[in-house]
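A quick write-up on the structure given underneath.
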Amino acid sequence: MAYAKLSGALLVRKDAPVAETVSVPRVGPVPTVRHGDGLLARHLKSLKLPTFLAQYERLAQQYAAEGLDPSGYLLRLAELELLERERQLIERRIKQAKFPAVKSLDTFDFAAVPSLDKNLALELARCEYVACQENVIAIGNFGTGKTHIAIGLGLAACQKGLSVGFITATSLMHELIEARDEQHLLRLQRRLAGYKVLIIDDLAYVPLSTAGAELLFDVVSQRYERGSTIITSDLPLEEWINVFGTAQLTGALLDRLTHHVHMLDMQGASYRLRESKRPQPRSQSNGKRDE
Ligand code: ADP
Ligand code: MG
């Protein structure tokens with residue numbers, strides 16, 4: 001019969017359940033096994049390892065009888081497993097978000113946009129607004145960093161393991177109309193409604209068709225109090241009627257969006273334009289800019 005060797009004196013038949021382990025007779029009292037004040041049990045539950053959870057104490061006692069303390073080793077293993085899973089989840093979230101470029105708030109020059117409430121932006125990066133299904137609207141001129149801030153907030157949400165989707169308003173319209181024409185609108189709507197954070201970037205002054213405006217309204221409506229929506233636009237809210245066409249639809253959309261909203265006011269000159277006008281140090285004057 002095949003046996004696997006677990007430690008010096010503990011043998012387990014390869015095809016046997018853990019309960020059938022063959023243990024050596026105990027010598028003296030079994031020492032108390034320390035295992036991180038219940039932390040190990042919590043990690044094993046998070047890891048969905050019920051057999052580990054059920055058996056580890058008994059096994060640990062067997063190991064302890066041999067003078068070893070495997071529970072510390074197991075605790076470390078469980079911690080490493082959890083950390084690795086968390087890292088993989090964040091990586092997956094960032095990939096799934098489909099950001100056009102990965103930008104963080106760390107590289108954002110807040111001094112360049114005095115109208116932007118820096119404390120609010122940093123507070124939003126903690127993602128508490130997501131748990132409350134609150135929205136964010138960033139409004140300001142072209143090039144003031146609205147997309148950068150939106151991506152930065154999206155990245156912060158990914159780092160908390162939250163599902164994020166990034167799409168420009170124009171692509172969203174196209175995808176919605178295409179999905180409707182190809183009879184898979186429901187599937188797309190379900191996906192859009194499922195993100196914890198959906199970033200709709202660059203809602204610009206392009207009047208939408210009636211159907212387009214209604215489809216976009218449906219997205220916002222289906223996400224209402226289910227997830228957070230971040231919208232960036234160079235149009236002040238009063239002018240959104242020019243995009244959505246009717247006062248009724250615009251009113252209903254703004255009603256849902258602004259019920260719980262954080263406004264980011266981003267006025268000023270284009271950052272890129274300003275930077276390009278600044279005298280550059282010699283070593284950087286080859287025209288290449290770091291995006
Ligand atoms: P907007 O969406 O408002 O038109 P973007 O976010 O696309 O502006 O910004 C244009 C470029 O300038 C991007 O490369 C962005 O990273 C950069 N940028 C804009 N504002 C800032 C800022 N305050 N700090 C650092 N980079 C900025
Ligand atoms: Mg933009």
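FYI, nothing fancy with the structure tokens labels: chains A, B, ... in order, residues from 1 per chain, ligands from 1 as they appear.
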Would you tabulate, counting only C-alpha atoms and all ligand atoms, all residues of chain A that have an atom at most 7 Å from an atom of ligand 1, showing the closest pair of atoms and their distance in Å to one decimal, sorted by chain then ascending number, as CSV?
residue,atom,partner,partner_atom_place_in_ligand_line,distance
A:Lys103,CA,ligand 1,16 (O),6.9
A:Thr107,CA,ligand 1,25 (C),5.8
A:Phe108,CA,ligand 1,24 (N),3.7
A:Asp109,CA,ligand 1,24 (N),3.6
A:Phe110,CA,ligand 1,23 (N),5.3
A:Ala112,CA,ligand 1,23 (N),5.0
A:Val113,CA,ligand 1,23 (N),5.9
A:Gly140,CA,ligand 1,3 (O),6.6
A:Asn141,CA,ligand 1,3 (O),6.2
A:Phe142,CA,ligand 1,4 (O),4.0
A:Gly143,CA,ligand 1,4 (O),3.4
A:Thr144,CA,ligand 1,3 (O),3.9
A:Gly145,CA,ligand 1,6 (O),3.1
A:Lys146,CA,ligand 1,3 (O),3.7
A:Thr147,CA,ligand 1,6 (O),3.7
A:His148,CA,ligand 1,6 (O),3.8
A:Ile149,CA,ligand 1,6 (O),6.6
A:Asp202,CA,ligand 1,2 (O),6.9
A:Ser270,CA,ligand 1,19 (C),7.0
A:Tyr271,CA,ligand 1,20 (N),4.7
A:Arg272,CA,ligand 1,12 (O),4.9
A:Glu291,CA,ligand 1,14 (O),5.0
Could you name the residues that touch stretch 262-267 of chain A at 6 Å or less, counting only C-alpha atoms, but leaving out those on the same chain fewer than 4 positions away, as a list in words?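 Within the cut-off, the hits are Ser115, Leu116, Val136, Ile137, Ala138, Ile139, Gly140 and Asn141 of chain A.
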Store the residues picked out above, limited to C-alpha atoms, as a compact mmCIF listing (two decimals), in the first residue's frame.
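Wrote part.txt, looks like this:
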# COMPACT_ATOMS: atom_id res chain seq x y z
CA SER A 115 -10.92 74.91 -9.03
CA LEU A 116 -10.71 71.17 -8.19
CA VAL A 136 -19.16 61.56 -9.56
CA ILE A 137 -19.43 64.18 -12.30
CA ALA A 138 -16.29 65.97 -13.47
CA ILE A 139 -16.95 69.08 -15.52
CA GLY A 140 -14.45 71.42 -17.09
CA ASN A 141 -12.69 72.55 -20.20
Based on DSSP run over this structure's backbone, return all residues of stretch 46-170 of chain A in alpha helix (DSSP H), as a PyMOL selection string. chain A and resi 46+50-65+70-97+118-124+128-131+146-159+169-170
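As for atom CA of A:Val102 and atom CA of A:Lys160, they are spaced 15.6 Å apart.
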With distances taken over only C-alpha atoms and all ligand atoms, which of A:Cys127, A:Leu208, A:Val219, A:Ile231 is nearest to ligand 2? A:Ile231
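Atom CA of A:Arg191 is found 26.5 Å from atom CA of A:Gln248.
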Given only C-alpha atoms as the counted atoms, nearest of A:Ala97, A:Gly245, A:Pro236, A:Glu175 to A:Ser209: A:Gly245
